[in-house]
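Asker: coords-v5.cif (mmCIF, C-alpha atoms) pasted underneath:
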```cif
data_protein
#
loop_
_atom_site.label_atom_id
_atom_site.label_comp_id
_atom_site.auth_asym_id
_atom_site.auth_seq_id
_atom_site.Cartn_x
_atom_site.Cartn_y
_atom_site.Cartn_z
CA MET A 972 -2.62 -4.12 13.86
CA TYR A 973 -1.12 -6.83 11.73
CA VAL A 974 -2.76 -10.20 11.24
CA LEU A 975 -1.49 -13.17 9.30
CA VAL A 976 -4.28 -15.30 7.86
CA THR A 977 -3.70 -18.78 6.52
CA TYR A 978 -6.26 -21.32 5.46
CA ASP A 979 -6.59 -24.85 4.26
CA ILE A 980 -9.75 -25.48 2.29
CA GLN A 981 -10.77 -28.82 0.83
CA THR A 982 -11.34 -28.46 -2.90
CA LEU A 983 -12.63 -31.93 -3.78
CA THR A 984 -16.09 -30.61 -4.57
CA PRO A 985 -17.23 -27.58 -6.62
CA ALA A 986 -18.57 -26.13 -3.37
CA GLY A 987 -15.10 -26.43 -1.88
CA LYS A 988 -13.52 -24.62 -4.82
CA ARG A 989 -16.10 -21.92 -4.36
CA ARG A 990 -15.24 -21.58 -0.67
CA LEU A 991 -11.57 -21.28 -1.61
CA ARG A 992 -12.27 -18.46 -4.07
CA HIS A 993 -14.47 -16.63 -1.60
CA ALA A 994 -11.93 -16.91 1.20
CA ALA A 995 -9.22 -15.51 -1.07
CA LYS A 996 -11.48 -12.63 -2.10
CA ALA A 997 -12.28 -11.79 1.50
CA CYS A 998 -8.59 -11.71 2.42
CA LEU A 999 -7.69 -9.61 -0.63
CA ASP A 1000 -10.26 -7.00 0.37
CA PHE A 1001 -8.34 -6.42 3.58
CA GLY A 1002 -4.71 -7.23 2.89
CA GLN A 1003 -2.13 -8.60 0.53
CA ARG A 1004 -1.43 -12.10 -0.62
CA VAL A 1005 2.08 -13.16 0.39
CA GLN A 1006 1.78 -16.85 -0.56
CA TYR A 1007 -1.01 -18.90 -2.12
CA SER A 1008 -3.07 -19.27 1.01
CA VAL A 1009 -1.20 -16.86 3.27
CA PHE A 1010 -2.25 -13.23 3.65
CA GLU A 1011 -0.91 -10.26 5.59
CA LEU A 1012 -3.54 -7.80 6.75
CA LYS A 1013 -3.09 -4.36 8.18
CA VAL A 1014 -6.44 -3.64 9.79
CA ASP A 1015 -7.96 -1.71 12.64
CA PRO A 1016 -10.01 -3.68 15.17
CA ALA A 1017 -13.32 -2.89 13.46
CA GLN A 1018 -12.06 -3.95 10.07
CA TRP A 1019 -10.61 -7.08 11.59
CA ALA A 1020 -13.93 -8.02 13.18
CA GLN A 1021 -15.55 -7.69 9.77
CA CYS A 1022 -12.93 -9.72 7.98
CA ARG A 1023 -12.83 -12.45 10.61
CA ASP A 1024 -16.59 -12.81 10.61
CA ARG A 1025 -16.67 -13.04 6.84
CA LEU A 1026 -14.01 -15.76 6.79
CA LEU A 1027 -15.68 -17.79 9.49
CA ARG A 1028 -18.94 -17.74 7.55
CA ILE A 1029 -17.22 -18.92 4.38
CA ILE A 1030 -15.39 -21.97 5.66
CA ASP A 1031 -16.91 -25.32 6.37
CA PRO A 1032 -15.66 -26.23 9.86
CA GLU A 1033 -16.04 -29.95 9.12
CA VAL A 1034 -13.32 -30.07 6.48
CA ASP A 1035 -11.60 -26.62 6.31
CA SER A 1036 -9.46 -24.69 8.72
CA VAL A 1037 -8.32 -21.13 9.01
CA ARG A 1038 -5.63 -19.77 11.33
CA PHE A 1039 -5.07 -16.21 12.51
CA TYR A 1040 -1.68 -15.08 13.81
CA TYR A 1041 -1.69 -11.73 15.54
CA LEU A 1042 1.61 -10.04 14.79
CA GLY A 1043 0.96 -6.87 16.75
CA THR A 1044 2.64 -3.56 16.03
CA ASN A 1045 6.18 -4.85 16.14
CA TRP A 1046 5.55 -7.11 13.17
CA GLU A 1047 8.64 -6.06 11.20
CA GLN A 1048 10.87 -7.89 13.63
CA ARG A 1049 8.77 -11.03 13.50
CA VAL A 1050 8.68 -11.53 9.78
CA GLU A 1051 11.53 -12.67 7.61
CA HIS A 1052 11.26 -13.29 3.90
CA HIS A 1053 13.54 -15.28 1.60
CA GLY A 1054 13.18 -16.09 -2.06
CA ALA A 1055 10.82 -14.89 -4.74
CA LYS A 1056 7.82 -12.55 -4.49
CA PRO A 1057 8.74 -10.32 -1.57
CA GLY A 1058 5.63 -8.57 -0.24
CA LEU A 1059 4.93 -4.85 -0.48
CA ASP A 1060 5.41 -2.95 2.75
CA ILE A 1061 2.03 -1.28 3.12
CA GLU A 1062 3.50 1.33 5.47
CA GLY A 1063 6.63 2.04 3.45
CA PRO A 1064 6.89 4.24 0.38
CA LEU A 1065 4.38 3.00 -2.20
CA ILE A 1066 5.67 3.96 -5.62
CA LEU A 1067 4.71 1.84 -8.56
CA MET B 514 -7.65 9.48 16.61
CA LYS B 515 -7.07 9.37 12.90
CA THR B 516 -3.98 7.48 11.90
CA HIS B 517 -1.50 8.37 9.25
CA LEU B 518 -2.37 6.39 6.17
CA ASN B 519 -0.13 5.84 3.23
CA THR B 520 -0.30 7.47 -0.19
CA LEU B 521 0.13 5.42 -3.33
CA TYR B 522 2.19 7.06 -6.07
CA ILE B 523 1.98 5.72 -9.61
CA THR B 524 4.84 6.77 -11.85
CA THR B 525 4.81 3.90 -14.36
CA GLN B 526 3.63 5.31 -17.68
CA GLY B 527 0.80 3.32 -19.19
CA ALA B 528 -0.26 1.82 -15.88
CA TYR B 529 -3.94 1.19 -15.30
CA LEU B 530 -5.63 1.17 -11.93
CA GLY B 531 -8.65 -0.99 -11.47
CA ARG B 532 -10.85 -2.00 -8.63
CA GLN B 533 -11.07 -5.51 -7.33
CA GLY B 534 -13.39 -5.89 -4.38
CA GLU B 535 -12.22 -3.35 -1.82
CA ALA B 536 -8.75 -3.08 -3.24
CA VAL B 537 -6.95 -1.22 -5.99
CA VAL B 538 -5.04 -3.28 -8.54
CA VAL B 539 -2.21 -1.65 -10.48
CA ARG B 540 -1.58 -3.22 -13.86
CA CYS B 541 0.81 -2.42 -16.66
CA GLY B 542 0.06 -4.44 -19.76
CA LYS B 543 -0.47 -7.98 -18.58
CA GLN B 544 1.67 -7.55 -15.51
CA THR B 545 0.18 -6.85 -12.09
CA LEU B 546 2.35 -4.38 -10.20
CA GLY B 547 0.44 -4.31 -6.96
CA HIS B 548 -2.74 -5.07 -5.12
CA LEU B 549 -3.56 -2.82 -2.19
CA PRO B 550 -6.66 -2.63 0.00
CA LEU B 551 -8.22 0.85 -0.17
CA HIS B 552 -8.63 1.12 3.59
CA ASN B 553 -4.84 1.32 3.94
CA LEU B 554 -4.63 4.37 1.70
CA ALA B 555 -5.32 8.06 2.22
CA GLY B 556 -4.65 9.04 -1.35
CA ILE B 557 -3.55 7.99 -4.80
CA VAL B 558 -1.36 10.27 -6.87
CA CYS B 559 -1.01 9.48 -10.56
CA PHE B 560 1.80 10.95 -12.63
CA GLY B 561 1.26 11.30 -16.36
CA ARG B 562 -0.28 8.62 -18.52
CA VAL B 563 -2.01 6.56 -15.87
CA GLY B 564 -5.56 5.33 -16.27
CA CYS B 565 -8.15 4.70 -13.59
CA SER B 566 -11.32 2.69 -13.99
CA PRO B 567 -14.61 4.45 -13.20
CA ALA B 568 -15.36 1.75 -10.64
CA LEU B 569 -12.15 2.55 -8.78
CA LEU B 570 -12.79 6.29 -8.86
CA GLY B 571 -16.26 5.68 -7.45
CA ALA B 572 -14.94 3.43 -4.69
CA CYS B 573 -12.24 5.99 -3.80
CA ALA B 574 -14.76 8.82 -3.63
CA GLU B 575 -16.95 6.74 -1.37
CA LYS B 576 -14.15 5.72 0.97
CA GLY B 577 -12.57 9.16 1.12
CA VAL B 578 -9.42 8.26 -0.75
CA ALA B 579 -8.29 11.35 -2.66
CA VAL B 580 -7.14 10.71 -6.21
CA SER B 581 -4.95 13.38 -7.79
CA LEU B 582 -3.83 13.48 -11.39
CA LEU B 583 -0.54 15.20 -12.09
CA THR B 584 1.49 15.62 -15.25
CA GLU B 585 4.50 13.41 -15.62
CA ARG B 586 6.60 16.26 -14.27
CA GLY B 587 4.43 16.77 -11.24
CA ARG B 588 2.21 19.70 -12.20
CA PHE B 589 -1.26 19.40 -10.73
CA LEU B 590 -4.04 18.71 -13.24
CA ALA B 591 -7.15 17.47 -11.49
CA SER B 592 -8.41 15.52 -8.56
CA VAL B 593 -11.31 13.24 -7.90
CA ARG B 594 -12.96 13.57 -4.55
CA GLY B 595 -16.25 12.47 -3.12
CA PHE B 596 -19.03 14.61 -1.77
CA THR B 597 -18.07 17.53 0.42
CA SER B 598 -20.83 16.16 2.52
CA GLY B 599 -21.71 16.54 6.14
CA ASN B 600 -20.20 19.67 7.37
CA VAL B 601 -22.25 22.43 5.83
CA LEU B 602 -22.30 24.39 9.10
CA LEU B 603 -18.53 24.37 9.32
CA ARG B 604 -18.21 25.53 5.73
CA ARG B 605 -20.75 28.30 6.24
CA ALA B 606 -18.76 29.47 9.24
CA GLN B 607 -15.61 29.32 7.16
CA TYR B 608 -17.09 31.53 4.41
CA LYS B 609 -18.44 33.95 6.97
CA ILE B 610 -15.16 34.55 8.74
CA ALA B 611 -13.26 34.64 5.45
CA ASP B 612 -15.27 37.80 4.71
CA ASP B 613 -14.34 39.48 7.97
CA PRO B 614 -11.24 41.64 7.37
CA GLY B 615 -10.27 41.67 11.05
CA VAL B 616 -10.30 37.89 11.32
CA VAL B 617 -8.47 37.48 8.04
CA LEU B 618 -5.76 39.86 9.22
CA ASP B 619 -5.35 38.00 12.48
CA VAL B 620 -5.06 34.52 11.01
CA SER B 621 -2.89 35.65 8.07
CA ARG B 622 -0.52 37.29 10.52
CA ARG B 623 -0.30 34.11 12.58
CA ILE B 624 0.35 31.96 9.54
CA VAL B 625 3.02 34.26 8.12
CA MET B 626 4.69 34.69 11.50
CA ALA B 627 4.91 30.91 11.84
CA LYS B 628 6.21 30.62 8.29
CA VAL B 629 8.94 33.19 8.91
CA ALA B 630 9.81 31.69 12.29
CA ASN B 631 10.10 28.21 10.79
CA SER B 632 12.23 29.49 7.91
CA ARG B 633 14.43 31.16 10.48
CA SER B 634 14.73 27.92 12.46
CA VAL B 635 15.82 26.12 9.31
CA LEU B 636 18.57 28.68 8.70
CA LEU B 637 19.70 28.62 12.32
CA ARG B 638 19.71 24.85 12.42
CA THR B 639 22.22 24.73 9.57
CA ALA B 640 24.19 27.65 10.97
CA ARG B 641 24.60 25.74 14.23
CA ASP B 642 26.22 22.84 12.40
CA CYS B 643 28.74 25.11 10.64
CA ASP B 644 32.25 25.47 12.04
CA ALA B 645 33.50 28.90 13.05
CA ASP B 646 35.53 29.33 9.83
CA ASP B 647 32.80 28.02 7.53
CA PRO B 648 31.91 30.76 5.00
CA ARG B 649 28.27 29.65 5.07
CA GLY B 650 27.78 30.70 8.68
CA ALA B 651 27.73 34.46 8.13
CA PRO B 652 24.96 34.70 5.48
CA LEU B 653 22.82 32.26 7.43
CA ASP B 654 23.15 34.21 10.64
CA SER B 655 22.50 37.57 9.02
CA ALA B 656 19.44 36.30 7.14
CA ALA B 657 18.13 34.74 10.35
CA GLY B 658 18.58 38.12 12.04
CA ARG B 659 16.56 39.86 9.35
CA LEU B 660 13.82 37.27 9.62
CA GLY B 661 13.74 37.91 13.36
CA ALA B 662 13.14 41.59 12.58
CA SER B 663 10.39 40.62 10.11
CA ILE B 664 8.59 38.71 12.84
CA HIS B 665 8.67 41.82 14.98
CA GLU B 666 7.27 43.97 12.15
CA LEU B 667 4.59 41.39 11.42
CA ARG B 668 3.34 41.67 14.94
CA GLN B 669 2.50 45.31 14.22
CA ALA B 670 1.08 44.83 10.73
CA ASP B 671 -2.43 46.27 10.58
CA ALA B 672 -3.59 45.26 7.11
CA VAL B 673 -3.59 42.00 5.18
CA ASN B 674 -1.69 43.58 2.31
CA LYS B 675 0.96 44.71 4.77
CA VAL B 676 1.24 41.11 5.96
CA ARG B 677 1.58 39.90 2.39
CA GLY B 678 4.23 42.53 1.71
CA LEU B 679 6.23 41.54 4.77
CA GLU B 680 5.89 37.90 3.76
CA GLY B 681 7.42 38.69 0.37
CA GLU B 682 10.22 40.63 2.01
CA ALA B 683 10.96 37.80 4.41
CA ALA B 684 10.94 35.32 1.52
CA THR B 685 13.54 37.44 -0.27
CA HIS B 686 15.82 37.33 2.76
CA TYR B 687 15.25 33.63 3.26
CA PHE B 688 15.93 32.71 -0.35
CA GLY B 689 18.91 35.08 -0.27
CA ALA B 690 20.57 32.73 2.22
CA PHE B 691 19.08 29.59 0.68
CA ASP B 692 22.24 28.66 -1.20
CA ALA B 693 24.20 28.53 2.07
CA LEU B 694 22.02 25.67 3.29
CA LEU B 695 23.87 23.41 0.89
CA SER B 696 26.91 21.51 2.15
CA PRO B 697 30.05 21.56 0.05
CA VAL B 698 29.12 18.42 -1.92
CA PRO B 699 31.09 17.39 -5.05
CA ASP B 700 28.60 18.69 -7.62
CA ARG B 701 27.79 21.76 -5.62
CA ASP B 702 28.04 24.06 -8.64
CA ALA B 703 25.22 22.20 -10.39
CA PHE B 704 22.98 22.77 -7.39
CA ARG B 705 23.78 26.43 -6.88
CA PHE B 706 20.66 28.38 -5.95
CA VAL B 707 20.39 31.82 -7.52
CA ARG B 708 16.77 32.76 -7.16
CA ARG B 709 13.38 31.13 -6.93
CA SER B 710 11.92 30.27 -10.31
CA ARG B 711 8.78 28.34 -11.06
CA ARG B 712 6.58 27.56 -14.02
CA PRO B 713 9.02 26.40 -15.17
CA PRO B 714 11.76 25.88 -12.59
CA LEU B 715 15.05 26.86 -14.19
CA ASP B 716 17.55 24.91 -12.11
CA PRO B 717 17.67 21.59 -10.21
CA ILE B 718 17.00 23.06 -6.76
CA ASN B 719 13.92 24.91 -7.96
CA ALA B 720 12.71 21.78 -9.73
CA LEU B 721 13.19 19.82 -6.53
CA ILE B 722 11.37 22.19 -4.21
CA SER B 723 8.56 22.86 -6.69
CA PHE B 724 7.96 19.13 -6.90
CA LEU B 725 7.91 18.77 -3.11
CA TYR B 726 5.48 21.70 -2.83
CA THR B 727 3.13 19.92 -5.22
CA LEU B 728 3.22 16.83 -3.03
CA LEU B 729 2.54 18.96 0.04
CA LEU B 730 -0.37 20.63 -1.71
CA HIS B 731 -1.97 17.29 -2.52
CA ASP B 732 -1.74 16.35 1.15
CA ALA B 733 -3.04 19.73 2.33
CA ARG B 734 -6.07 19.54 0.06
CA SER B 735 -6.91 16.11 1.37
CA ALA B 736 -6.44 17.32 4.93
CA CYS B 737 -8.91 20.18 4.36
CA GLU B 738 -11.44 17.87 2.76
CA SER B 739 -11.18 15.28 5.46
CA VAL B 740 -12.03 17.72 8.27
CA GLY B 741 -14.86 19.22 6.20
CA LEU B 742 -13.24 22.53 5.25
CA ASP B 743 -13.47 23.99 1.76
CA PRO B 744 -9.89 24.01 0.43
CA ALA B 745 -10.71 26.81 -1.99
CA VAL B 746 -11.56 29.51 0.55
CA GLY B 747 -8.45 30.78 2.25
CA PHE B 748 -7.35 33.75 4.29
CA LEU B 749 -3.84 34.74 3.36
CA HIS B 750 -4.32 33.62 -0.24
CA ALA B 751 -7.09 35.43 -2.07
CA ASP B 752 -9.89 33.47 -3.71
CA ARG B 753 -9.45 32.66 -7.36
CA PRO B 754 -11.27 30.04 -9.41
CA GLY B 755 -9.45 26.74 -9.20
CA LYS B 756 -6.98 27.94 -6.60
CA PRO B 757 -6.84 25.84 -3.41
CA SER B 758 -6.31 28.90 -1.20
CA LEU B 759 -6.88 27.30 2.19
CA ALA B 760 -4.59 24.40 1.31
CA LEU B 761 -1.97 26.93 0.25
CA ASP B 762 -2.45 28.76 3.57
CA LEU B 763 -1.90 25.52 5.45
CA ILE B 764 1.34 24.61 3.72
CA GLU B 765 2.97 27.99 4.37
CA GLU B 766 3.90 26.96 7.89
CA VAL B 767 5.48 23.67 6.89
CA ARG B 768 7.16 24.50 3.57
CA ALA B 769 10.57 25.22 5.05
CA PHE B 770 10.45 22.51 7.67
CA LEU B 771 9.15 19.75 5.42
CA ALA B 772 10.01 20.51 1.80
CA ASP B 773 13.08 22.76 1.84
CA ARG B 774 14.95 20.75 4.46
CA LEU B 775 14.14 17.53 2.65
CA ALA B 776 15.41 18.96 -0.65
CA PHE B 777 18.70 19.93 0.93
CA SER B 778 19.21 16.70 2.78
CA LEU B 779 18.62 14.79 -0.46
CA ILE B 780 21.45 16.74 -2.07
CA ASN B 781 23.70 16.82 0.98
CA ARG B 782 23.39 13.08 1.43
CA ARG B 783 24.00 12.62 -2.30
CA GLN B 784 20.74 10.78 -2.79
CA VAL B 785 20.13 12.93 -5.85
CA ALA B 786 22.87 13.92 -8.26
CA ALA B 787 23.20 16.63 -10.89
CA GLY B 788 22.98 13.96 -13.60
CA GLY B 789 19.44 13.16 -12.51
CA PHE B 790 18.06 16.39 -13.97
CA VAL B 791 17.26 17.11 -17.61
CA VAL B 792 17.12 20.55 -19.23
CA ARG B 793 14.33 21.04 -21.78
CA ASP B 794 14.44 23.35 -24.81
CA ASN B 795 12.64 26.16 -23.01
CA GLY B 796 15.16 26.11 -20.16
CA ALA B 797 12.86 24.19 -17.83
CA VAL B 798 14.67 21.72 -15.59
CA GLU B 799 13.05 18.39 -14.85
CA MET B 800 13.94 15.32 -12.87
CA ASP B 801 14.40 11.99 -14.58
CA ASP B 802 12.34 8.99 -13.48
CA GLY B 803 14.98 7.62 -11.13
CA THR B 804 15.39 10.92 -9.29
CA ARG B 805 11.64 11.39 -9.04
CA LYS B 806 11.30 8.01 -7.40
CA VAL B 807 14.08 8.79 -4.94
CA VAL B 808 12.35 12.06 -4.01
CA LEU B 809 8.96 10.38 -3.57
CA ALA B 810 10.46 7.64 -1.43
CA ALA B 811 12.29 10.17 0.74
CA TYR B 812 9.13 12.23 1.16
CA GLN B 813 7.14 9.16 2.19
CA GLN B 814 9.88 8.15 4.58
CA ARG B 815 9.97 11.64 6.07
CA LYS B 816 6.24 11.50 6.71
CA ARG B 817 6.73 8.45 8.91
CA ASP B 818 9.12 10.24 11.27
CA THR B 819 7.69 10.97 14.68
CA ILE B 820 7.51 14.44 16.22
CA THR B 821 5.76 15.93 19.20
CA HIS B 822 3.11 18.43 18.23
CA PRO B 823 3.92 21.66 20.11
CA VAL B 824 0.31 22.70 20.69
CA LEU B 825 -1.38 19.37 21.27
CA ASP B 826 1.68 18.02 23.09
CA GLU B 827 1.11 14.61 21.56
CA ALA B 828 3.42 12.28 19.73
CA THR B 829 2.48 12.11 16.08
CA THR B 830 4.01 11.58 12.66
CA VAL B 831 5.15 14.28 10.27
CA GLY B 832 2.56 12.96 7.81
CA MET B 833 -0.24 13.73 10.28
CA LEU B 834 0.92 17.31 10.74
CA LEU B 835 -1.19 18.86 7.98
CA HIS B 836 -4.22 16.86 9.14
CA LEU B 837 -3.77 18.10 12.69
CA GLN B 838 -3.35 21.70 11.53
CA ALA B 839 -6.51 21.37 9.42
CA ALA B 840 -8.34 19.98 12.45
CA LEU B 841 -7.13 22.91 14.58
CA MET B 842 -8.24 25.29 11.83
CA ALA B 843 -11.69 23.69 11.88
CA ARG B 844 -11.88 23.94 15.66
CA TRP B 845 -11.01 27.61 15.51
CA ILE B 846 -13.58 28.27 12.78
CA ARG B 847 -16.22 26.49 14.86
CA GLY B 848 -15.29 28.73 17.76
CA ASP B 849 -13.99 25.98 20.04
CA ILE B 850 -10.66 27.75 20.41
CA ASP B 851 -9.99 31.47 20.36
CA ALA B 852 -7.26 31.58 17.78
CA TYR B 853 -5.70 29.35 15.18
CA PRO B 854 -2.40 27.99 16.52
CA PRO B 855 0.01 27.53 13.62
CA PHE B 856 2.76 24.92 13.72
CA LEU B 857 6.04 26.17 15.13
CA TRP B 858 9.07 24.01 14.64
CA LYS B 859 11.58 23.99 17.44
CA GLY B 860 14.71 23.39 15.40
#
```
If you convert what's in this file into structure tokens, what do you get?
Answerer:
Amino acid sequence: MYVLVTYDIQTLTPAGKRRLRHAAKACLDFGQRVQYSVFELKVDPAQWAQCRDRLLRIIDPEVDSVRFYYLGTNWEQRVEHHGAKPGLDIEGPLIL
Amino acid sequence: MKTHLNTLYITTQGAYLGRQGEAVVVRCGKQTLGHLPLHNLAGIVCFGRVGCSPALLGACAEKGVAVSLLTERGRFLASVRGFTSGNVLLRRAQYKIADDPGVVLDVSRRIVMAKVANSRSVLLRTARDCDADDPRGAPLDSAAGRLGASIHELRQADAVNKVRGLEGEAATHYFGAFDALLSPVPDRDAFRFVRRSRRPPLDPINALISFLYTLLLHDARSACESVGLDPAVGFLHADRPGKPSLALDLIEEVRAFLADRLAFSLINRRQVAAGGFVVRDNGAVEMDDGTRKVVLAAYQQRKRDTITHPVLDEATTVGMLLHLQAALMARWIRGDIDAYPPFLWKG
């Protein structure tokens, strides 16, 4: 399944900057970065449970937020991209 | 059910693959070409001068991502795979039945019959699209007829060498009509098929199909490994050090259906052109970088097409086919089913 993860993490303190880095790392382990704090993840339910748990442990619910959008299997029709840095299609031909 | 995972192909010379967390990062100089989580990949295929960090190779081995190293032109060099762990009982059973001449004869016959039948379907499929006055129709039909006769003879073959002989004979007939599979495209003369040549391929068509066979072999090896079979111990292909005999056995059934048809549709649809091939001093014909990328992309695209598996009667993707056949092979070796059911394409 496809999940879109976005977050907003307060970076006023060193601890906040640390949370930001950790959240980015967690997302990059499971998917690709499409914008600074927006990630597209192709995961199976088990992997998603892992990733979600990890993110929820990282953030501080008092000041940060994280949002998950479940795009389902028909995601191609729900995503449109304009401008720079088009994402890689993880299911398409991967030739670098 | 295992899903069809993607394969990452690296063709950029001088690229370096590193590990970052659970993902592979592809860099070239200071530029980052891509960042892909390993759990989305079934394999990584590196062409030519491509480096991999030890950390990445370790992570791939652990996660069951097969890494293959090929020359820039697509000849297989080496692969990095994790433990052939777990299934020692299955492998013991595999070695045991590979020593039984009766069993070897039976499974070789099935594989070759499927190979010939699928080659025949490929010829007939093109013949069906030809008009009545098309000169390509006659050679296709006659070769298909001969292949039909080969299938009949195979059924009576009583020795593995007989099977191998009939396979060679059938291949001669099939490749005899191979040229007629090509539509009358503008640069048809450049793509004329005379005979099969390899190591090195001497014309564009041979270069194209040899390259596709290499890609198939990478996938077949991974398929064997992932179900716990030893890719080096085959039935139709005799054991030889370094030869992936079982993987070669597995691809016999799908060569015509997957690789040959793809090669011809690339030419017929003018996705590859005669200008995309380079002749070396020794007569070897190679693809240029652009053509190679087109072929890789087409192969990846083809693997995403859906088909219904004739034996399992389940919708699946072409890319899963080799994995399913390997799983059926393992089931047969374990004794869960009486005979190995090869893949038959209903053209």
Asker: Of the residues B:His552, B:Arg668, B:Arg641, B:Lys543, which is the one nearest to chain A, using all atoms listed in the file?
Answerer: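 Comparing B:His552, B:Arg668, B:Arg641, B:Lys543 against chain A, the winner is B:His552.
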Asker: Counting all atoms listed in the file, which residues of chain A come no farther than 9 Å from chain B, as a PDB file with C-alpha atoms, in the coordinates of the input?
Answerer:
```pdb
ATOM      1  CA  LYS A 996     -11.480 -12.630  -2.100  1.00  0.00           C
ATOM      2  CA  ALA A 997     -12.280 -11.790   1.500  1.00  0.00           C
ATOM      3  CA  LEU A 999      -7.690  -9.610  -0.630  1.00  0.00           C
ATOM      4  CA  ASP A1000     -10.260  -7.000   0.370  1.00  0.00           C
ATOM      5  CA  PHE A1001      -8.340  -6.420   3.580  1.00  0.00           C
ATOM      6  CA  GLY A1002      -4.710  -7.230   2.890  1.00  0.00           C
ATOM      7  CA  GLN A1003      -2.130  -8.600   0.530  1.00  0.00           C
ATOM      8  CA  ARG A1004      -1.430 -12.100  -0.620  1.00  0.00           C
ATOM      9  CA  LYS A1013      -3.090  -4.360   8.180  1.00  0.00           C
ATOM     10  CA  VAL A1014      -6.440  -3.640   9.790  1.00  0.00           C
ATOM     11  CA  GLN A1018     -12.060  -3.950  10.070  1.00  0.00           C
ATOM     12  CA  LEU A1059       4.930  -4.850  -0.480  1.00  0.00           C
ATOM     13  CA  ILE A1061       2.030  -1.280   3.120  1.00  0.00           C
ATOM     14  CA  GLU A1062       3.500   1.330   5.470  1.00  0.00           C
ATOM     15  CA  GLY A1063       6.630   2.040   3.450  1.00  0.00           C
ATOM     16  CA  PRO A1064       6.890   4.240   0.380  1.00  0.00           C
ATOM     17  CA  LEU A1065       4.380   3.000  -2.200  1.00  0.00           C
ATOM     18  CA  ILE A1066       5.670   3.960  -5.620  1.00  0.00           C
ATOM     19  CA  LEU A1067       4.710   1.840  -8.560  1.00  0.00           C
TER      20      LEU A1067
END
```
Asker: Applying the PyMOL selection byres ((chain B and resi 843) around 8) to the file I just gave you, which residues come out? Please list them as number ranges by chain.
Answerer: B: 603, 740-742, 839-842, 844-847
Asker: Write out as a list in words the residues lying within 8 Å of segment 1029-1037 of chain A, counting only C-alpha atoms and excluding same-chain residues fewer than 6 positions away.
Answerer: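 Once the nearby chain positions are removed, what remains is Val976, Thr977, Tyr978, Asp979, Ile980, Gln981, Arg990, His993 and Ala994 of chain A.
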Asker: Could you list, as an MDAnalysis selection string, every residue within 10 Å of Asn781 of chain B, counting all atoms listed in the file and ignoring same-chain residues fewer than 4 positions away?
Answerer: chainID B and resid 694:699 701 775:777 785:786
Asker: Residues as selected, C-alpha atoms, written as a PDB file, in the frame of the given file, can you do that?
Answerer:
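Output (selection26.pdb):
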```
ATOM      1  CA  LEU B 694      22.020  25.670   3.290  1.00  0.00           C
ATOM      2  CA  LEU B 695      23.870  23.410   0.890  1.00  0.00           C
ATOM      3  CA  SER B 696      26.910  21.510   2.150  1.00  0.00           C
ATOM      4  CA  PRO B 697      30.050  21.560   0.050  1.00  0.00           C
ATOM      5  CA  VAL B 698      29.120  18.420  -1.920  1.00  0.00           C
ATOM      6  CA  PRO B 699      31.090  17.390  -5.050  1.00  0.00           C
ATOM      7  CA  ARG B 701      27.790  21.760  -5.620  1.00  0.00           C
ATOM      8  CA  LEU B 775      14.140  17.530   2.650  1.00  0.00           C
ATOM      9  CA  ALA B 776      15.410  18.960  -0.650  1.00  0.00           C
ATOM     10  CA  PHE B 777      18.700  19.930   0.930  1.00  0.00           C
ATOM     11  CA  VAL B 785      20.130  12.930  -5.850  1.00  0.00           C
ATOM     12  CA  ALA B 786      22.870  13.920  -8.260  1.00  0.00           C
TER      13      ALA B 786
END
```
Asker: With all atoms listed in the file as the counted atoms, please give the residues lying no more than 8 Å from Ala630 of chain B, apart from itself and same-chain residues fewer than 6 positions off, as an mmCIF file with C-alpha atoms, in the frame of the given file.
Answerer:
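Saved file selection_7.cif follows:
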```
data_model
loop_
_atom_site.group_PDB
_atom_site.id
_atom_site.type_symbol
_atom_site.label_atom_id
_atom_site.label_comp_id
_atom_site.auth_asym_id
_atom_site.auth_seq_id
_atom_site.Cartn_x
_atom_site.Cartn_y
_atom_site.Cartn_z
ATOM 1 C CA LEU B 660 13.820 37.270 9.620
ATOM 2 C CA GLY B 661 13.740 37.910 13.360
ATOM 3 C CA ILE B 664 8.590 38.710 12.840
ATOM 4 C CA LEU B 857 6.040 26.170 15.130
#
```
Asker: Give me, as a PyMOL selection string, all polymer residues having an atom no more than 12 Å from Leu667 of chain B, counting all atoms listed in the file and skipping those fewer than 2 positions away in the same chain.
Answerer: chain B and resi 618-630+660-665+669-683
Asker: Go ahead and compute the interatomic distance for atom CA of Ala656 of chain B and atom CA of His750 of chain B, in Å to one decimal.
Answerer: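 Spanning atom CA of Ala656 of chain B to atom CA of His750 of chain B is a straight-line distance of 25.0 Å.
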Asker: Compile the contact shell of segment 707-717 of chain B as a short mmCIF file (atom, residue, chain, number, x, y, z; two decimals) with C-alpha atoms, keeping the file's coordinate frame: residues with an atom at most 8 Å away, counting all atoms listed in the file, same-chain residues fewer than 2 positions apart removed.
Answerer:
```
data_model
loop_
_atom_site.label_atom_id
_atom_site.label_comp_id
_atom_site.auth_asym_id
_atom_site.auth_seq_id
_atom_site.Cartn_x
_atom_site.Cartn_y
_atom_site.Cartn_z
CA PHE B 688 15.93 32.71 -0.35
CA GLY B 689 18.91 35.08 -0.27
CA ASP B 692 22.24 28.66 -1.20
CA ALA B 703 25.22 22.20 -10.39
CA PHE B 704 22.98 22.77 -7.39
CA ARG B 705 23.78 26.43 -6.88
CA ASN B 719 13.92 24.91 -7.96
CA ALA B 720 12.71 21.78 -9.73
CA LEU B 721 13.19 19.82 -6.53
CA SER B 723 8.56 22.86 -6.69
CA ALA B 787 23.20 16.63 -10.89
CA PHE B 790 18.06 16.39 -13.97
CA GLY B 796 15.16 26.11 -20.16
CA ALA B 797 12.86 24.19 -17.83
CA VAL B 798 14.67 21.72 -15.59
CA GLU B 799 13.05 18.39 -14.85
CA MET B 800 13.94 15.32 -12.87
#
```
